[in-house]
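One structure is given here, and the rest of the page talks about it.
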There are 2 protein chains.
Amino acid sequence: MGFAALKMKGDLCLPPRGPQLLSLCAVCLLPFLSTPGVLTCSVAPSVATASSSPLQFFISRSSTHPSRFSTIPAVPLAKMNAWPKDVGILAMEVYFPAQYVDQTDLEKYNNVEAGRYTVGLSQTHMGFCSVQEDINSLCLTVVQRLMERTKLPWESVGRLEVGTETIIDKSKAVKTVLMELFQNSGNTDIEGIDTTNACYGGTASLFNAANWMESSSWDGRYAVVVCGDIAVYPKGNIRSTGGAGAVAMLLGPEAPLVLERGLRGTHMANVYDFYKPDGSTEYPVIDAKLSIQCYLQALDRCYAVYRQKIQNQWKQAGIDRPFTLDDLQFMIFHTPFCKMSQKSLARLMFNDFLSTGSNTQISCYKGLEAFRGLKLEDTYNNKELEKALQKASLDMFNRKTKASLYLSTHNGNMYTSSLYGCLASLLSQHSAQDLASSRIGAFSYGSGLAASFFSLQVSQDTSPGSPLEKLVSSMSDLPKRLASRKRASAEEFAAVMEQREQFYNKVDFSPPGDIKNLFPGTWYLERVDGLYRRKYARCPV
Amino acid sequence: MGFAALKMKGDLCLPPRGPQLLSLCAVCLLPFLSTPGVLTCSVAPSVATASSSPLQFFISRSSTHPSRFSTIPAVPLAKMNAWPKDVGILAMEVYFPAQYVDQTDLEKYNNVEAGRYTVGLSQTHMGFCSVQEDINSLCLTVVQRLMERTKLPWESVGRLEVGTETIIDKSKAVKTVLMELFQNSGNTDIEGIDTTNACYGGTASLFNAANWMESSSWDGRYAVVVCGDIAVYPKGNIRSTGGAGAVAMLLGPEAPLVLERGLRGTHMANVYDFYKPDGSTEYPVIDAKLSIQCYLQALDRCYAVYRQKIQNQWKQAGIDRPFTLDDLQFMIFHTPFCKMSQKSLARLMFNDFLSTGSNTQISCYKGLEAFRGLKLEDTYNNKELEKALQKASLDMFNRKTKASLYLSTHNGNMYTSSLYGCLASLLSQHSAQDLASSRIGAFSYGSGLAASFFSLQVSQDTSPGSPLEKLVSSMSDLPKRLASRKRASAEEFAAVMEQREQFYNKVDFSPPGDIKNLFPGTWYLERVDGLYRRKYARCPV
């Protein structure tokens, strides 16, 4: 069937009946054009209705899926030549492995002093994946959970992009595997593929999705941003800084967490601080000292650009004063290990301190006066300064950042999803009232390097059923979910790491392991055939 | 130095003198914040001027770089809450290796019948890279050439994204290596990283860059889209479908090639037709028959969605008629081998044919009547239909597509850059007058799979010095540049392929080869150290 048939169908179902605004664009028309059996549409033709506008489609709320639209309000239609209001994060979903190793067990197993990981890095537990999970399965799980939680139809997604540095195929994107989830809906018109630079991929995806939604390419549908990684290291102390997980975010207008417009400080440079050049291993090459210095340097630069941009915006509005951390109610960081985020907040305070004249009120900078003459670039390895900063910023850390480290503390580093796990933690540890009207600062860092400082404005409305209240309450079970994981011994963990090494780059195998060790509803790798093709299955929900 | 110093500098250089509009955002302020020796700004402080708006900066045309703005007009400032006019491609640069192998030599070397590659695939020559070139060096070369050709300052770029499937690091993006080029300018506030799905990455980058420019994230600067790949295969016939190259595109408003708004038909699905799962080799795994079928199926779907969207736009404007290939003056395709593009144009004609009623005027569909009863999805392997279509579409192929295959014919498959090499070829083979006011259809396909059908509207103005005339004349030396390459024997080519295998994933080596085999001004890999760190140098210009 071609154009003639399509046109007839389109004419037949006009005008819209009981319209609930939701843009489905050409997607709901695809079934009439497609191969039977390959594409099928879950929206009944009688309710999938094309208006005369290329961007306007309607779907009836009193359709055969009455419950599908109960959680997230439908997205308003794309308007020509204008940005939709308040583009940002409408909903989130976090996935972490169902098994973890205790960092005190790792300390003993590695024969290091007690507190080396638990105090030195501020890490208590670390999630890990068996060979049964890979980057595709993590992302399948988190996207399916997001769609189930929000009860949105698969047709309502117009963009999906994956940020990851867990590359198991140098050509085929994780995104293409996720299309499997959309198959029954017939929705194959979904832009976005994978994007990579170390831990920065999630942020790049988030920015790309928000840009799409403000551009002429937007067709009125939602965007889904997916980030996920499996962070594994060779034997030794470095292994304690691993972790695994994935975060999916639903983006749309009128969001409870709005990406503040025009406020991004970005810094990119060519550095070999952490990279993965060896195709024969899952492990990175790391220059840890250099990486920490690059992280802090990027933080300084990004914060300076961000401050300059927001001050310029303020000036336009007649406000002429410096931006400081006081203007951020919360501050989240990419968190390779929790101590790093504490150091980073302290570092931002040092930036603020150096920006203030020596005459200004400085009670909050107690103990820093001795360091006034220093330049930022000379202080990356200044232990005395670090100590003084940590002390001066402790109260601020407890108020603005500590709550965001809940997931990182208990699960470890999730690379691209680390920053967004911090955001989820923040939401899980505060009430909607605590968060309402606040500005959340966010610093994203990916080695190599790419970094951005940006901010989210939290909406005001905290009434029951408000987007903010819904988002916050959807994250409230994070501690309970973490507590329900299975504790593995350090020996069991080491054995699983050995298995991962053994099966890396291999063909023709069914991963060892018991799916009882996975959470209900988790996707897992069932089989890699002789041609490296991966097949996935889902645990019973 | 902190905020106070920054603010002071900003105040000092107001107001603008002899302003040439060019948005430099906070970039030109960065030097005052940065580590000396790491970042230095090539814009003299006296001409880098901050206005009171966060998005408005001025640079004097009568500065110390008077010649820098001679080729490309400066980009207008970002406006709040509105899309800039006619976002698209302002300038292009194409890079291909300086050595090639003749396909007739390969036919003899592989002991196959004459014409197997030259007629069967329509390929005459194939460019290839020695170990001295990798994806980073290709992209360094093409970006530097673009910036040199356009004479734009490095500070004028606000976004740079790389689409590639030549992954030599699973974490560190090619983009970060390209930041090396920007180092002296002090411009490190450049968004965008790498994006990957087989040959689709260039298109994803292009879409992302255009979206950025229409979003609130845009700061008034240019975007650079880079795509490049080294396509290599194991011994045998398949090796004749390789190639290598890179394309860089400068994006901005009021472009001679405008990305038509709201007109993209996208199709994504989970397929294993071509992929690169084995980290220990540069070669892909391919199911060639499946890949061709997936390509054609994606073409059908994308074309259907595109047609539906443009017809809806027309309906809004009061025009009610079907879209056909007559509405495209030119049609370019991702070109794995040239015969595929000919097949694809024929396939589009079949789509048009099936869309017409049997009563309509069908003189252009001569010889197709016998196939009217068929469905698209049943015809992917119908050789009789293919033959009839090729005959019926031959004249159209010669008019609309053949010229775009110039580079592909002589250089082979460049993966992500293939489609944009076709665009460059089209520009090189036609005059501005031929191209003016035309619509160029474009089909991008990346295995795995991700595909889009979109279109470019060519501007009208062909006067000397017009953006279109400049763009077209900048591509006119393509045949001459191709003719200046060095011919290698099939044996020499095979030896280089063996070297590539030998050095893949290796450390601590200086690539063998003579830089005399590279074009002047080409970046090349000088050294990989014991920690896989890559160092590049540039041939004398």
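How things are named: the first chain in the structure tokens is A, the next is B, and so on; residues count from 1 in each chain; ligands count from 1 in the order shown.
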
Using only C-alpha atoms, which protein or nucleic acid residues come within 8 Å of Tyr200 in chain B? Drop anything in the same chain fewer than 2 positions from it, and give the result as a ChimeraX atom specification. /B:163,196-198,202-204,416,444-447,450-451

What's the 8 Å shell around Leu426 in chain B, counting only C-alpha atoms, without same-chain residues fewer than 5 positions away, as a PyMOL selection string? chain B and resi 403-406

For range 374-376 of chain B, work out the shell of residues within 12 Å, counting only C-alpha atoms and skipping chain neighbours fewer than 4 positions away, then give it as a PDB file with N, CA, C and O atoms, in the first residue's frame.
```
ATOM      1  N   MET A   1       0.835  -1.201   0.000  1.00  0.00           N
ATOM      2  CA  MET A   1       0.000   0.000   0.000  1.00  0.00           C
ATOM      3  C   MET A   1       0.870   1.251   0.000  1.00  0.00           C
ATOM      4  O   MET A   1       1.896   1.277   0.647  1.00  0.00           O
ATOM      5  N   GLY A   2       0.495   2.220  -0.683  1.00  0.00           N
ATOM      6  CA  GLY A   2       1.321   3.419  -0.763  1.00  0.00           C
ATOM      7  C   GLY A   2       0.558   4.653  -0.360  1.00  0.00           C
ATOM      8  O   GLY A   2      -0.285   4.612   0.524  1.00  0.00           O
ATOM      9  N   LEU A  33       1.685   1.825   6.174  1.00  0.00           N
ATOM     10  CA  LEU A  33       2.728   1.790   5.156  1.00  0.00           C
ATOM     11  C   LEU A  33       3.651   0.604   5.340  1.00  0.00           C
ATOM     12  O   LEU A  33       4.449   0.287   4.489  1.00  0.00           O
ATOM     13  N   SER A  34       3.554  -0.053   6.463  1.00  0.00           N
ATOM     14  CA  SER A  34       4.641  -0.944   6.863  1.00  0.00           C
ATOM     15  C   SER A  34       4.386  -2.399   6.526  1.00  0.00           C
ATOM     16  O   SER A  34       3.304  -2.806   6.124  1.00  0.00           O
ATOM     17  N   THR A  35       5.433  -3.157   6.711  1.00  0.00           N
ATOM     18  CA  THR A  35       5.381  -4.588   6.512  1.00  0.00           C
ATOM     19  C   THR A  35       4.508  -5.217   7.606  1.00  0.00           C
ATOM     20  O   THR A  35       4.813  -5.041   8.772  1.00  0.00           O
ATOM     21  N   PRO A  36       3.495  -5.927   7.270  1.00  0.00           N
ATOM     22  CA  PRO A  36       2.694  -6.570   8.317  1.00  0.00           C
ATOM     23  C   PRO A  36       3.577  -7.498   9.124  1.00  0.00           C
ATOM     24  O   PRO A  36       4.420  -8.207   8.570  1.00  0.00           O
TER      25      PRO A  36
ATOM     26  N   GLN B 293      19.017  -5.415   2.172  1.00  0.00           N
ATOM     27  CA  GLN B 293      17.567  -5.447   2.380  1.00  0.00           C
ATOM     28  C   GLN B 293      17.139  -4.416   3.432  1.00  0.00           C
ATOM     29  O   GLN B 293      16.147  -3.706   3.253  1.00  0.00           O
ATOM     30  N   LEU B 296      17.236  -0.905   1.961  1.00  0.00           N
ATOM     31  CA  LEU B 296      16.109  -0.588   1.075  1.00  0.00           C
ATOM     32  C   LEU B 296      14.797  -0.459   1.847  1.00  0.00           C
ATOM     33  O   LEU B 296      13.966   0.406   1.559  1.00  0.00           O
ATOM     34  N   GLN B 297      14.652  -1.297   2.860  1.00  0.00           N
ATOM     35  CA  GLN B 297      13.442  -1.248   3.688  1.00  0.00           C
ATOM     36  C   GLN B 297      13.390   0.087   4.456  1.00  0.00           C
ATOM     37  O   GLN B 297      12.345   0.734   4.520  1.00  0.00           O
ATOM     38  N   ALA B 298      14.549   0.476   4.997  1.00  0.00           N
ATOM     39  CA  ALA B 298      14.621   1.754   5.713  1.00  0.00           C
ATOM     40  C   ALA B 298      14.340   2.907   4.758  1.00  0.00           C
ATOM     41  O   ALA B 298      13.675   3.886   5.117  1.00  0.00           O
ATOM     42  N   LEU B 299      14.839   2.782   3.523  1.00  0.00           N
ATOM     43  CA  LEU B 299      14.588   3.812   2.508  1.00  0.00           C
ATOM     44  C   LEU B 299      13.087   3.950   2.250  1.00  0.00           C
ATOM     45  O   LEU B 299      12.546   5.062   2.218  1.00  0.00           O
ATOM     46  N   ASP B 300      12.411   2.813   2.077  1.00  0.00           N
ATOM     47  CA  ASP B 300      10.947   2.831   1.875  1.00  0.00           C
ATOM     48  C   ASP B 300      10.249   3.554   3.023  1.00  0.00           C
ATOM     49  O   ASP B 300       9.398   4.413   2.820  1.00  0.00           O
ATOM     50  N   ARG B 301      10.605   3.181   4.255  1.00  0.00           N
ATOM     51  CA  ARG B 301       9.918   3.737   5.425  1.00  0.00           C
ATOM     52  C   ARG B 301      10.184   5.226   5.574  1.00  0.00           C
ATOM     53  O   ARG B 301       9.287   6.016   5.816  1.00  0.00           O
ATOM     54  N   ALA B 304       8.427   7.281   2.984  1.00  0.00           N
ATOM     55  CA  ALA B 304       6.990   7.372   3.264  1.00  0.00           C
ATOM     56  C   ALA B 304       6.715   8.431   4.327  1.00  0.00           C
ATOM     57  O   ALA B 304       5.803   9.248   4.188  1.00  0.00           O
ATOM     58  N   ARG B 347      14.529   2.403  -6.510  1.00  0.00           N
ATOM     59  CA  ARG B 347      13.592   1.978  -5.469  1.00  0.00           C
ATOM     60  C   ARG B 347      12.613   3.111  -5.114  1.00  0.00           C
ATOM     61  O   ARG B 347      11.420   2.873  -4.917  1.00  0.00           O
ATOM     62  N   LEU B 348      13.121   4.317  -5.038  1.00  0.00           N
ATOM     63  CA  LEU B 348      12.250   5.457  -4.743  1.00  0.00           C
ATOM     64  C   LEU B 348      11.224   5.640  -5.855  1.00  0.00           C
ATOM     65  O   LEU B 348      10.057   5.959  -5.612  1.00  0.00           O
ATOM     66  N   MET B 349      11.688   5.404  -7.098  1.00  0.00           N
ATOM     67  CA  MET B 349      10.756   5.502  -8.218  1.00  0.00           C
ATOM     68  C   MET B 349       9.643   4.461  -8.075  1.00  0.00           C
ATOM     69  O   MET B 349       8.477   4.740  -8.364  1.00  0.00           O
ATOM     70  N   PHE B 350       9.999   3.286  -7.591  1.00  0.00           N
ATOM     71  CA  PHE B 350       8.998   2.237  -7.374  1.00  0.00           C
ATOM     72  C   PHE B 350       7.988   2.685  -6.308  1.00  0.00           C
ATOM     73  O   PHE B 350       6.782   2.449  -6.436  1.00  0.00           O
ATOM     74  N   ASN B 351       8.476   3.341  -5.270  1.00  0.00           N
ATOM     75  CA  ASN B 351       7.578   3.903  -4.252  1.00  0.00           C
ATOM     76  C   ASN B 351       6.599   4.888  -4.891  1.00  0.00           C
ATOM     77  O   ASN B 351       5.397   4.823  -4.641  1.00  0.00           O
ATOM     78  N   ASP B 352       7.142   5.782  -5.709  1.00  0.00           N
ATOM     79  CA  ASP B 352       6.283   6.757  -6.406  1.00  0.00           C
ATOM     80  C   ASP B 352       5.260   6.040  -7.275  1.00  0.00           C
ATOM     81  O   ASP B 352       4.071   6.376  -7.261  1.00  0.00           O
ATOM     82  N   PHE B 353       5.761   5.051  -8.014  1.00  0.00           N
ATOM     83  CA  PHE B 353       4.911   4.313  -8.950  1.00  0.00           C
ATOM     84  C   PHE B 353       3.735   3.660  -8.220  1.00  0.00           C
ATOM     85  O   PHE B 353       2.581   3.786  -8.635  1.00  0.00           O
ATOM     86  N   LEU B 354       4.020   2.992  -7.107  1.00  0.00           N
ATOM     87  CA  LEU B 354       2.955   2.316  -6.367  1.00  0.00           C
ATOM     88  C   LEU B 354       1.972   3.324  -5.752  1.00  0.00           C
ATOM     89  O   LEU B 354       0.831   2.972  -5.459  1.00  0.00           O
ATOM     90  N   SER B 355       2.433   4.539  -5.558  1.00  0.00           N
ATOM     91  CA  SER B 355       1.560   5.561  -4.960  1.00  0.00           C
ATOM     92  C   SER B 355       0.598   6.169  -5.966  1.00  0.00           C
ATOM     93  O   SER B 355      -0.398   6.766  -5.589  1.00  0.00           O
ATOM     94  N   LEU B 368       6.925  -0.716 -16.008  1.00  0.00           N
ATOM     95  CA  LEU B 368       6.688  -1.101 -14.617  1.00  0.00           C
ATOM     96  C   LEU B 368       5.279  -1.654 -14.386  1.00  0.00           C
ATOM     97  O   LEU B 368       5.002  -2.190 -13.315  1.00  0.00           O
ATOM     98  N   GLU B 369       4.387  -1.507 -15.395  1.00  0.00           N
ATOM     99  CA  GLU B 369       2.984  -1.863 -15.178  1.00  0.00           C
ATOM    100  C   GLU B 369       2.809  -3.285 -14.635  1.00  0.00           C
ATOM    101  O   GLU B 369       1.943  -3.536 -13.797  1.00  0.00           O
ATOM    102  N   ALA B 370       3.671  -4.186 -15.092  1.00  0.00           N
ATOM    103  CA  ALA B 370       3.561  -5.592 -14.683  1.00  0.00           C
ATOM    104  C   ALA B 370       3.759  -5.767 -13.177  1.00  0.00           C
ATOM    105  O   ALA B 370       3.369  -6.787 -12.598  1.00  0.00           O
ATOM    106  N   TYR B 380      12.175  -7.073  -2.079  1.00  0.00           N
ATOM    107  CA  TYR B 380      13.585  -6.720  -1.826  1.00  0.00           C
ATOM    108  C   TYR B 380      14.565  -7.594  -2.613  1.00  0.00           C
ATOM    109  O   TYR B 380      15.694  -7.205  -2.843  1.00  0.00           O
ATOM    110  N   ASN B 381      14.124  -8.778  -2.997  1.00  0.00           N
ATOM    111  CA  ASN B 381      15.026  -9.648  -3.754  1.00  0.00           C
ATOM    112  C   ASN B 381      14.490  -9.978  -5.144  1.00  0.00           C
ATOM    113  O   ASN B 381      14.858 -10.989  -5.735  1.00  0.00           O
ATOM    114  N   ASN B 382      13.622  -9.123  -5.643  1.00  0.00           N
ATOM    115  CA  ASN B 382      13.016  -9.367  -6.953  1.00  0.00           C
ATOM    116  C   ASN B 382      13.932  -8.808  -8.054  1.00  0.00           C
ATOM    117  O   ASN B 382      13.952  -7.608  -8.331  1.00  0.00           O
ATOM    118  N   LEU B 385      12.186  -7.110 -11.155  1.00  0.00           N
ATOM    119  CA  LEU B 385      11.738  -5.751 -10.832  1.00  0.00           C
ATOM    120  C   LEU B 385      12.933  -4.791 -10.830  1.00  0.00           C
ATOM    121  O   LEU B 385      12.873  -3.691 -11.383  1.00  0.00           O
TER     122      LEU B 385
END
```

Tell me which protein, DNA and RNA residues are within 12 Å of Gln144 in chain A, counting only C-alpha atoms, leaving out same-chain ones fewer than 5 positions away, and put them as a VMD selection string. chain A and resid 92 to 95 137 to 139 149 to 154 178 to 182 224 226 246 to 250 521 to 523 538 541

Near Ala269 in chain B, within 8 Å and counting only C-alpha atoms, which residues show up once chain neighbours fewer than 2 positions away are dropped, as a list in words?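 The neighbour list is Thr176, Val177, Met179, Glu180, Gln183 and Thr188 of chain A; His267, Val271, Gly448, Leu449 and Ala450 of chain B.
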
Can those selected residues be exported to a file as a compact mmCIF listing (two decimals), in the first residue's frame so that it contains N, CA and C atoms?
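Result file is out.txt:
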```txt
# COMPACT_ATOMS: atom_id res chain seq x y z
N THR A 176 19.93 1.27 19.09
CA THR A 176 19.25 0.36 18.15
C THR A 176 18.67 -0.84 18.89
N VAL A 177 19.37 -1.30 19.93
CA VAL A 177 18.85 -2.43 20.71
C VAL A 177 17.57 -2.01 21.45
N MET A 179 15.39 -0.08 20.43
CA MET A 179 14.25 -0.02 19.49
C MET A 179 13.40 -1.28 19.60
N GLU A 180 13.99 -2.35 20.12
CA GLU A 180 13.27 -3.60 20.35
C GLU A 180 12.02 -3.35 21.21
N GLN A 183 9.07 -1.97 19.29
CA GLN A 183 8.67 -2.69 18.08
C GLN A 183 7.15 -2.89 17.98
N THR A 188 8.88 3.66 14.92
CA THR A 188 10.30 3.55 14.55
C THR A 188 10.87 4.91 14.18
N HIS B 267 13.78 6.18 10.57
CA HIS B 267 13.41 4.80 10.86
C HIS B 267 14.57 4.13 11.59
N VAL B 271 18.84 -4.49 14.36
CA VAL B 271 19.24 -5.50 13.38
C VAL B 271 20.74 -5.73 13.44
N GLY B 448 22.40 -1.35 11.75
CA GLY B 448 22.18 -1.62 13.17
C GLY B 448 20.78 -1.52 13.72
N LEU B 449 19.93 -0.56 13.25
CA LEU B 449 20.04 0.39 12.18
C LEU B 449 19.40 1.72 12.51
N ALA B 450 19.87 2.77 11.88
CA ALA B 450 19.32 4.11 12.01
C ALA B 450 19.34 4.76 10.63
```

Identify, with DSSP run on backbone atoms, the residues in range 357-499 of chain B assigned to strand (DSSP E or B), and express the list as JSON, numbers by chain. {"B": [412, 439, 440, 441, 442, 443, 444, 445, 446, 450, 451, 452, 453, 454, 455, 456, 457, 458, 486, 487, 488]}

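Distance check against chain A using only C-alpha atoms: of B:Ser418, B:Ser437, B:Thr379, B:Thr124, the minimum falls on B:Thr379.
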
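Pairwise distance (CA of Leu389 in chain A, CA of Phe323 in chain A) equals 19.0 Å.
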
If DSSP is run on the backbone, what residues of range 95-259 of chain A are alpha helix (DSSP H)? A reply as a PyMOL selection string would be ideal. chain A and resi 103-109+135-150+174-182+201-214

Compile the contact shell of Lys339 in chain A as a list in words: residues with an atom at most 8 Å away, counting only C-alpha atoms, same-chain residues fewer than 4 positions apart removed.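 Here the answer would be Gly120, Leu121, Ser122 and Lys343 of chain A.
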
List as a PyMOL selection string the protein and nucleic acid residues near Phe274 in chain B, meaning an atom at most 8 Å away when only C-alpha atoms are counted, but skip any in the same chain fewer than 6 places from it. (chain A and resi 172) or (chain B and resi 284-288+291+447-448)

Could you please determine the separation between CA of Thr118 in chain A and CA of Ser344 in chain A in Å, to one decimal place?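 About the pair CA of Thr118 in chain A and CA of Ser344 in chain A: they are 18.5 Å apart.
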
The residue from A:Thr166, A:Thr356, A:Ser240, A:Ser215 with the smallest atom-to-atom distance to Lys276 in chain A, counting only C-alpha atoms, is A:Thr166

Residue with smallest distance to chain B - pool A:Ile332, A:Ala317, A:Ile168, A:Cys539, counting only C-alpha atoms: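 The shortest atom-to-atom distance to chain B comes from A:Ile168.
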
Taking only C-alpha atoms into account, which of A:Pro464, A:Gly262, A:Gly127, A:Gly201 comes nearest Val232 in chain A?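 Under the stated criterion, the closest residue is A:Gly127.
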
Option closest in space to chain B, from A:Ser408, A:Thr462, A:Gln499, A:Asn505 [counting only C-alpha atoms]: A:Asn505

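Minimum atom-to-atom distance to chain A, evaluated using only C-alpha atoms, belongs to B:Gly357 out of B:Pro234, B:Pro512, B:Gly412, B:Gly357.
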